[in-house]
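Step one of this worksheet: look at the structure below.
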Amino acid sequence: MLDQLISSLAIVANGTHLMMLAAGVVLGLIVGVLPGLGGSAGLALLLPFIYGMDPAPALAMMVGLLAVTTTSDTFPAVLMGIPGTAASQATVVDGFPMSKRGEATRAISAALVSSIFGGVIGAIVLSVALVFAEPLLRKIGFAEQLMLVVFALSMVGMLTGTSPFKGLASCGLGLMLGAFGAAPITGVERLSFGTEYLIDPIPMIIVGLGLFAVPEIVALARQQTSIAEAGRLNAGWLAGLRDWTNNFWLSLRCAIIGCLGGALPGIGGSVIDWIAYGHAVQTTKHPERYGTGDVRGVIAPESANNAKEGGALIPTLIFGIPGSGNMAILLGGFILIGIQPGLSMIQDNGDVVYSIVWSLALANILGAGICLVLARYIARMTTIPYLLIAPFMIGLIFFAAFQATRVWSDLIALLLLGLLGIYLRRFGWSRPALLIGFVLAPQIEANVYRASAIYGLEMFTRPIVIALIVLIALSALSVLRRRLPERADQQAARIHSDTRPQKLFFLLLAAFGAYVLIDGFSYSYLTGAFQLVAAGASLLFMLPLGIQLFRGSRTSCHFDEEGTLEPDGTRVSGEHYVAVLAAFLASAGLFGFLVGAGVFIAVFLVWKARVRAHWAVLSGAGFSLILYLIARQLNLEYPSGLLNQLLPFWP
Amino acid sequence: MFSKYLRPLALALATFAAAGSAHALDLNGKTVTILVPFGEGGGSDTLARFLQPFLKATLPGNPNVVVMNKPGGGSVTGVNGWVGSARTDGTDILVGSTSSWVPFVFGSSTVKYDPAKMRPVVGFPRVSVFYSNPDRTGVKGGSSKDSVIALRDAGLLKGAEAPLSLDTGDLVALNMLEIPHRAVFGMSTSEQRRAYLTGALSANNDSLAAYLDIAKKEGPEKVAPLFVLGGVDGQGRAKRIDSVPDVMTFEELYEAVNDKAPSGPEYKTYQVMHYLRTNLAKSIMLPPGTPDDIVAAYVTAFQTLEKDAKYLAGMEQDLEVQSFVYGQDMVEAFAGIAGFGDTERNAVEAYMRKTHGVALK
């Protein structure tokens, strides 16, 4: 192994190879920054070019690209509250409040150092695991996968906020949303409402944007300040570096969580950042600080999400079976450069496979290095008045949502889920808990069924299962041991006198749960059981919540963010901005997405931000132009509008 | 006054149009869009991106060739949209795949296309091997009557994508061989392969390349082939696979055990799934209504490609393509899948209820 590691270093350390690696890194950084586009889209762009290339430089390019999408996705997450890829959703929770405090540079530098560290740890673990991990991976059957999912689910307890019932009910809502789409076991349609769109599950990226990005955009636009509330940046990148050294062990533990999460089947890449985040909350003396801009909440997910790629490569290279969408494309790339994926890949092409380890480490360092240089300049955008940024953000999130399945329904789904997100935020429901429930729903359904079908009760005699049960018990105990003290702003939010809106919202959610429950009875057992359990559990948690909400007046479940806002005659309502989002769709419906986005931006800038008309038109046209260029490069066809139907030449 | 100018113009246009139809297909300056009804990555996408440069070089007029991904609905969404909007002038082609034809065969209400009405250009058949794990079953032998008899005592545990899916064919085959079996539904091909490797499942049906890889690494103690799905020839007969000549087809195995050829609605179901899995695995399709001369030009282009060593090497080694099937043979393969009718559906439903306790209603 060591000789292969050294001989493969010779492959990596030459000019062409390094140039290809750098090219991959730059492309990876770009697709990582653009919300909605991730490693998959970037790799697909490369595939036609790599056919017939030498294997090693082609691999360097692909690995370089994959390694750094989770590095640059930190920028939109921290600076704008929009996760650049699914892997940086947890970074938003504390990274964005830091930006609001004017600490964007600090948050980003802490994130980038964590990314480098996580990425390098991932590469080291990968190099060792390629030799030793195979017997262990072969012991991970469905029973073990089920326990891993339960472990991930136990992290929900860390993310529920002050009202445990509300948190658990949020998680239940996520499970219900995860039940949409054809049943994974039987393939029978359920909760599709007769639409073709809902034959597939609701796309993750749209749920993430709806829950996290839309509510932030609306809240900021209502405030009418810049993101950095004081309008300037304090604390520089050195502070972020110090934060990381102070939390070295946290970063290391989270990097290992990332490696394991990426390597072991069952959990899936998109909750690893949340597990790391939950772990950070679990191991602190001040859990109440999380969500308000605690730098540990940035370090934890960022250490984990870069380590994840190294972890995910372990089973991919050992078995030649992809563990994620990104890995599937990487293996597709292997085919194009003449390496047959499979169990013999490491024996047959050892040098090339080991060159991946080096490329992975180098790409992480290079990618984060480039970002570090740019960070100080990019962070300044948080000092710009937000109304100037908001229309572009709205255009960007709809662009991102459209990447999910590239149909009109994606845009409508984002609007609906954004609406849900706005009120979940306003009434203090846990959005992370909902997201974890959503992401894990298919895993829970599949693994409960598979484990019971294959092992039955015998599964509790398997050693790794027993070890995991102990771990879950410890994790659950640490949840029960701590009760979160209430923050001042949460008290203010409770005292908001008019409780009717939150009661109405509760009733709507309960009605939704009841509908899903009743609908579940109309299917056969294997199709409908999960839906019944998800809806049943949510309603079970909602019951005590509802009693608290309607009977008590000052219990911890009462929450309305409107109570924290000082009375201000000029502030518009949240519903006003829902109408603005709907106006974007109307504009796209009339002019087509490409032109409609530009028109929307121009009108918004003139009307809301009082920008002069010619600048506004220029900005809108610029945005449309960029959209056009991306479409040409990636070969996308944007949703068309009325004018596209009427006028054949309309772009 | 204008007529003086208009007449030569009209004449020129007419000549131009005539020339156009005489040369059948000239894609010079045009863009050919390959629709992949899946997201990036995966078999169809890899195939399309592999073909991209070859098509640009070979199609008349050397058009620009682009790949467009339209994921959703397990490929049904993309194909539905394509059938409605694709131009019939040779600038819109589709990567057809099993995933798009299976819901059609099973009569899914979301399918708005009929593959028999499309114009197939070329098919890239895949072949596969059904194998079991002697470590789990205790049955060491290969493809023989004795193995089947021994497996009747051991039983098999196999994964399947869904009760109504391509894997239904394997399950009814086991049923016909009277090998007791259970199925774990809801597993993709790669999940099934992985579960086989971890020992959770004791049987699997895999592409030839994947089978050879696993057999080489795991050895005969963990991989014993039972039968092959080697594709169906022009007379509707199942074929063996050249590189594993000793392994029988399901039909041969059945006959060795029962001394008669298989028949009945369960066998019909197996046959249709066999067509779908092998002959119709991947194909290049033109939309319904495409004129014959354009189809012919495309077929010629793909036949020309067979002289390109680089194309052949990529197809055979990397993309697991065993042979090429053109025009009429493809039409016959599509006719072959029409055999799944109400009788077969009822038989499958009865089998699923009895053996797996799964209601399909």
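Simple scheme: letters A, B, ... for chains in structure tokens order, numbers from 1 for residues in each chain, numbers from 1 for ligands in the order shown.
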
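Distance criterion 6 Å to chain A, applied with only C-alpha atoms, yields Glu40, Gly41, Thr46, Arg49, Pro71, Gly72, Gly73, Ala162, Pro163, Phe185, Gly186, Thr198 and Asp318 of chain B on chain B.
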
Name the residues in contact with A:Ile397 at a cut-off of 7 Å, using only C-alpha atoms, excluding same-chain residues fewer than 3 positions from it; report them as a ChimeraX atom specification. /A:35,209,393-394,400-401

Name the residues of stretch 93-269 of chain B that fall into helix (DSSP H, G or I) according to DSSP on the backbone, using the chain letters and numbers of this document, as JSON, numbers by chain. {"B": [98, 99, 100, 101, 102, 103, 104, 105, 115, 116, 117, 134, 135, 136, 137, 145, 146, 147, 148, 149, 150, 151, 152, 153, 154, 168, 169, 170, 171, 172, 173, 174, 175, 176, 189, 190, 191, 192, 193, 194, 195, 196, 197, 208, 209, 210, 211, 212, 213, 214, 215, 216, 217, 218, 250, 251, 252, 253, 254, 255, 256, 257, 258, 265, 266, 267, 268, 269]}

Name the residues of stretch 100-282 of chain B that fall into strand (DSSP E or B) according to DSSP on the backbone, using the chain letters and numbers of this document, as a PyMOL selection string. chain B and resi 119-124+128-132+156-160+181-185+203-207+224-229+232+238+249+282

Would you put the residues from that selection into a file with N, CA and C atoms, as an mmCIF file, in the first residue's frame?
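The resulting again28.cif:
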data_model
loop_
_atom_site.group_PDB
_atom_site.id
_atom_site.type_symbol
_atom_site.label_atom_id
_atom_site.label_comp_id
_atom_site.auth_asym_id
_atom_site.auth_seq_id
_atom_site.Cartn_x
_atom_site.Cartn_y
_atom_site.Cartn_z
ATOM 1 N N ARG B 119 -39.563 5.607 -33.754
ATOM 2 C CA ARG B 119 -38.732 5.047 -34.813
ATOM 3 C C ARG B 119 -37.372 4.644 -34.247
ATOM 4 N N PRO B 120 -37.162 3.363 -33.971
ATOM 5 C CA PRO B 120 -35.875 2.955 -33.405
ATOM 6 C C PRO B 120 -34.755 3.050 -34.447
ATOM 7 N N VAL B 121 -33.576 3.502 -34.013
ATOM 8 C CA VAL B 121 -32.423 3.588 -34.904
ATOM 9 C C VAL B 121 -31.483 2.426 -34.632
ATOM 10 N N VAL B 122 -31.045 2.327 -33.395
ATOM 11 C CA VAL B 122 -30.092 1.275 -33.051
ATOM 12 C C VAL B 122 -30.346 0.838 -31.610
ATOM 13 N N GLY B 123 -30.172 -0.446 -31.352
ATOM 14 C CA GLY B 123 -30.299 -0.954 -29.993
ATOM 15 C C GLY B 123 -28.948 -1.436 -29.504
ATOM 16 N N PHE B 124 -28.702 -1.221 -28.212
ATOM 17 C CA PHE B 124 -27.458 -1.696 -27.606
ATOM 18 C C PHE B 124 -27.816 -2.750 -26.560
ATOM 19 N N SER B 128 -27.247 -10.600 -19.141
ATOM 20 C CA SER B 128 -27.034 -10.693 -17.704
ATOM 21 C C SER B 128 -27.033 -12.138 -17.239
ATOM 22 N N VAL B 129 -26.585 -12.329 -16.004
ATOM 23 C CA VAL B 129 -26.431 -13.661 -15.429
ATOM 24 C C VAL B 129 -27.164 -13.702 -14.094
ATOM 25 N N PHE B 130 -27.920 -14.773 -13.878
ATOM 26 C CA PHE B 130 -28.569 -14.984 -12.585
ATOM 27 C C PHE B 130 -27.678 -15.922 -11.780
ATOM 28 N N TYR B 131 -27.274 -15.483 -10.572
ATOM 29 C CA TYR B 131 -26.362 -16.325 -9.789
ATOM 30 C C TYR B 131 -26.790 -16.361 -8.329
ATOM 31 N N SER B 132 -26.282 -17.362 -7.613
ATOM 32 C CA SER B 132 -26.628 -17.465 -6.189
ATOM 33 C C SER B 132 -25.358 -17.683 -5.380
ATOM 34 N N LEU B 156 -34.083 -19.364 -1.825
ATOM 35 C CA LEU B 156 -33.281 -18.202 -2.197
ATOM 36 C C LEU B 156 -33.931 -16.912 -1.688
ATOM 37 N N LEU B 157 -33.096 -15.927 -1.383
ATOM 38 C CA LEU B 157 -33.569 -14.601 -0.979
ATOM 39 C C LEU B 157 -33.043 -13.597 -1.999
ATOM 40 N N LYS B 158 -33.947 -12.934 -2.705
ATOM 41 C CA LYS B 158 -33.532 -12.047 -3.787
ATOM 42 C C LYS B 158 -34.118 -10.659 -3.609
ATOM 43 N N GLY B 159 -33.433 -9.645 -4.102
ATOM 44 C CA GLY B 159 -33.958 -8.282 -4.089
ATOM 45 C C GLY B 159 -34.762 -8.025 -5.345
ATOM 46 N N ALA B 160 -35.655 -7.034 -5.277
ATOM 47 C CA ALA B 160 -36.420 -6.656 -6.459
ATOM 48 C C ALA B 160 -36.764 -5.182 -6.351
ATOM 49 N N HIS B 181 -38.661 -19.190 -2.558
ATOM 50 C CA HIS B 181 -37.898 -17.935 -2.550
ATOM 51 C C HIS B 181 -38.686 -16.836 -1.843
ATOM 52 N N ARG B 182 -37.944 -15.876 -1.328
ATOM 53 C CA ARG B 182 -38.557 -14.674 -0.788
ATOM 54 C C ARG B 182 -37.931 -13.484 -1.503
ATOM 55 N N ALA B 183 -38.644 -12.364 -1.532
ATOM 56 C CA ALA B 183 -38.105 -11.175 -2.202
ATOM 57 C C ALA B 183 -38.140 -9.991 -1.248
ATOM 58 N N VAL B 184 -37.109 -9.162 -1.322
ATOM 59 C CA VAL B 184 -37.099 -7.893 -0.600
ATOM 60 C C VAL B 184 -37.303 -6.811 -1.650
ATOM 61 N N PHE B 185 -38.443 -6.122 -1.576
ATOM 62 C CA PHE B 185 -38.775 -5.159 -2.626
ATOM 63 C C PHE B 185 -38.190 -3.779 -2.327
ATOM 64 N N ALA B 203 -29.278 -14.365 -3.765
ATOM 65 C CA ALA B 203 -29.333 -14.493 -5.218
ATOM 66 C C ALA B 203 -29.351 -13.113 -5.847
ATOM 67 N N ASN B 204 -28.864 -13.027 -7.079
ATOM 68 C CA ASN B 204 -28.847 -11.734 -7.760
ATOM 69 C C ASN B 204 -28.832 -11.937 -9.266
ATOM 70 N N ASN B 205 -29.355 -10.954 -9.987
ATOM 71 C CA ASN B 205 -29.291 -10.961 -11.448
ATOM 72 C C ASN B 205 -28.533 -9.708 -11.847
ATOM 73 N N ASP B 206 -27.380 -9.900 -12.502
ATOM 74 C CA ASP B 206 -26.491 -8.774 -12.738
ATOM 75 C C ASP B 206 -26.020 -8.755 -14.184
ATOM 76 N N SER B 207 -25.582 -7.591 -14.638
ATOM 77 C CA SER B 207 -25.033 -7.504 -15.980
ATOM 78 C C SER B 207 -23.817 -8.419 -16.082
ATOM 79 N N ALA B 224 -22.273 -18.776 -7.793
ATOM 80 C CA ALA B 224 -22.571 -19.904 -8.674
ATOM 81 C C ALA B 224 -23.649 -19.476 -9.666
ATOM 82 N N PRO B 225 -23.324 -19.482 -10.992
ATOM 83 C CA PRO B 225 -24.318 -19.048 -11.975
ATOM 84 C C PRO B 225 -25.424 -20.095 -12.116
ATOM 85 N N LEU B 226 -26.668 -19.624 -12.249
ATOM 86 C CA LEU B 226 -27.783 -20.555 -12.415
ATOM 87 C C LEU B 226 -28.272 -20.565 -13.860
ATOM 88 N N PHE B 227 -28.553 -19.367 -14.405
ATOM 89 C CA PHE B 227 -28.911 -19.295 -15.832
ATOM 90 C C PHE B 227 -28.549 -17.912 -16.376
ATOM 91 N N VAL B 228 -28.504 -17.816 -17.710
ATOM 92 C CA VAL B 228 -28.165 -16.530 -18.323
ATOM 93 C C VAL B 228 -29.375 -15.946 -19.048
ATOM 94 N N LEU B 229 -29.369 -14.627 -19.170
ATOM 95 C CA LEU B 229 -30.319 -13.940 -20.030
ATOM 96 C C LEU B 229 -29.494 -13.335 -21.160
ATOM 97 N N VAL B 232 -32.619 -12.210 -27.027
ATOM 98 C CA VAL B 232 -33.563 -13.002 -27.816
ATOM 99 C C VAL B 232 -33.213 -12.806 -29.291
ATOM 100 N N ALA B 238 -34.311 -17.661 -26.989
ATOM 101 C CA ALA B 238 -33.314 -17.136 -26.052
ATOM 102 C C ALA B 238 -31.929 -17.640 -26.434
ATOM 103 N N THR B 249 -29.542 -21.168 -20.695
ATOM 104 C CA THR B 249 -30.602 -20.162 -20.609
ATOM 105 C C THR B 249 -31.662 -20.697 -19.652
ATOM 106 N N LYS B 282 -30.822 -0.494 -23.909
ATOM 107 C CA LYS B 282 -30.549 0.895 -24.288
ATOM 108 C C LYS B 282 -30.722 1.016 -25.795
#

Work out how far atom CA of B:Leu35 is from atom CA of A:Leu643, in Å to one decimal. 24.5 Å

Tell me, as number ranges by chain, which residues lie within 7 Å of stretch 94-110 of chain A, counting only C-alpha atoms; anything in the same chain fewer than 4 positions away does not count. A: 77-81, 114, 227-230, 232-237, 239-241, 243-244, 290-295, 297-299, 372, 375-376, 379, 382

Env of stretch 162-176 of chain A: 8 Å cut, atoms = only C-alpha atoms, seq-sep filter 5 positions within chain, self excluded. Answer as a PyMOL selection string. chain A and resi 156-157+429-431+433-441+483-486+513+516+531+534-535+537-539+541-542+544-545+556-557

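Taking atom CA of B:Trp101 and atom CA of B:Arg277 as the two end points, the separation is 10.1 Å.
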
Might you pull out every residue within 12 Å of B:Val32, with only C-alpha atoms counted and same-chain residues fewer than 5 positions away left off, and present them as a VMD selection string? (chain A and resid 635) or (chain B and resid 26 to 27 48 51 to 53 55 to 56 59 to 68 86 to 94 286 298)

Taking only residues of stretch 257-353 of chain A that have an atom at most 10 Å from an atom of stretch 461-479 of chain A, what is each one's shortest atom pair and its distance in Å to one decimal, using only C-alpha atoms, in chain and number order, as CSV?
residue,atom,partner,partner_atom,distance
A:His279,CA,A:Ser475,CA,9.1
A:Val281,CA,A:Val479,CA,9.9
A:Gln282,CA,A:Ser478,CA,6.9
A:Thr283,CA,A:Ser478,CA,8.9

With distances taken over only C-alpha atoms, which of B:Ser165, B:Ala309, B:Ser143, B:Ala195 is nearest to B:Glu252? B:Ser143

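Distances from B:Glu178, B:Lys140, B:Thr168, B:Asn279 to B:Arg152 were compared using only C-alpha atoms, and the smallest one belongs to B:Glu178.
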
Smallest atom-to-atom distance to B:Ala333: which of B:Leu166, B:Ala57, B:Ala173, B:Val272, using only C-alpha atoms? B:Val272

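Proximity of A:Ile6, A:Val93, A:Ala129, A:Ala511 to A:Pro301, computed with only C-alpha atoms, is greatest for A:Val93.
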
Near A:Leu362, within 12 Å and counting only C-alpha atoms, which residues show up once chain neighbours fewer than 3 positions away are dropped, as a ChimeraX atom specification? /A:9,12-13,17-22,24-25,60-61,63-65,67-68,116-117,119-124,355-359,365-369

Give me, as JSON, numbers by chain, all polymer residues having an atom no more than 7 Å from B:Ala116, counting only C-alpha atoms and skipping those fewer than 2 positions away in the same chain. {"B": [114, 118, 334, 335]}

Selection to disk with N, CA and C atoms, as an mmCIF file, in the first residue's frame:
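Result written to result-v7.cif:
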data_model
loop_
_atom_site.group_PDB
_atom_site.id
_atom_site.type_symbol
_atom_site.label_atom_id
_atom_site.label_comp_id
_atom_site.auth_asym_id
_atom_site.auth_seq_id
_atom_site.Cartn_x
_atom_site.Cartn_y
_atom_site.Cartn_z
ATOM 1 N N ASP B 114 -46.146 5.433 -26.779
ATOM 2 C CA ASP B 114 -46.162 4.032 -27.168
ATOM 3 C C ASP B 114 -44.847 3.754 -27.892
ATOM 4 N N MET B 118 -42.619 4.805 -31.928
ATOM 5 C CA MET B 118 -41.378 5.554 -32.145
ATOM 6 C C MET B 118 -40.582 4.900 -33.259
ATOM 7 N N PHE B 334 -39.688 -4.643 -29.969
ATOM 8 C CA PHE B 334 -40.784 -3.872 -29.364
ATOM 9 C C PHE B 334 -42.103 -4.627 -29.507
ATOM 10 N N ALA B 335 -42.244 -5.352 -30.624
ATOM 11 C CA ALA B 335 -43.450 -6.164 -30.779
ATOM 12 C C ALA B 335 -43.468 -7.267 -29.723
#
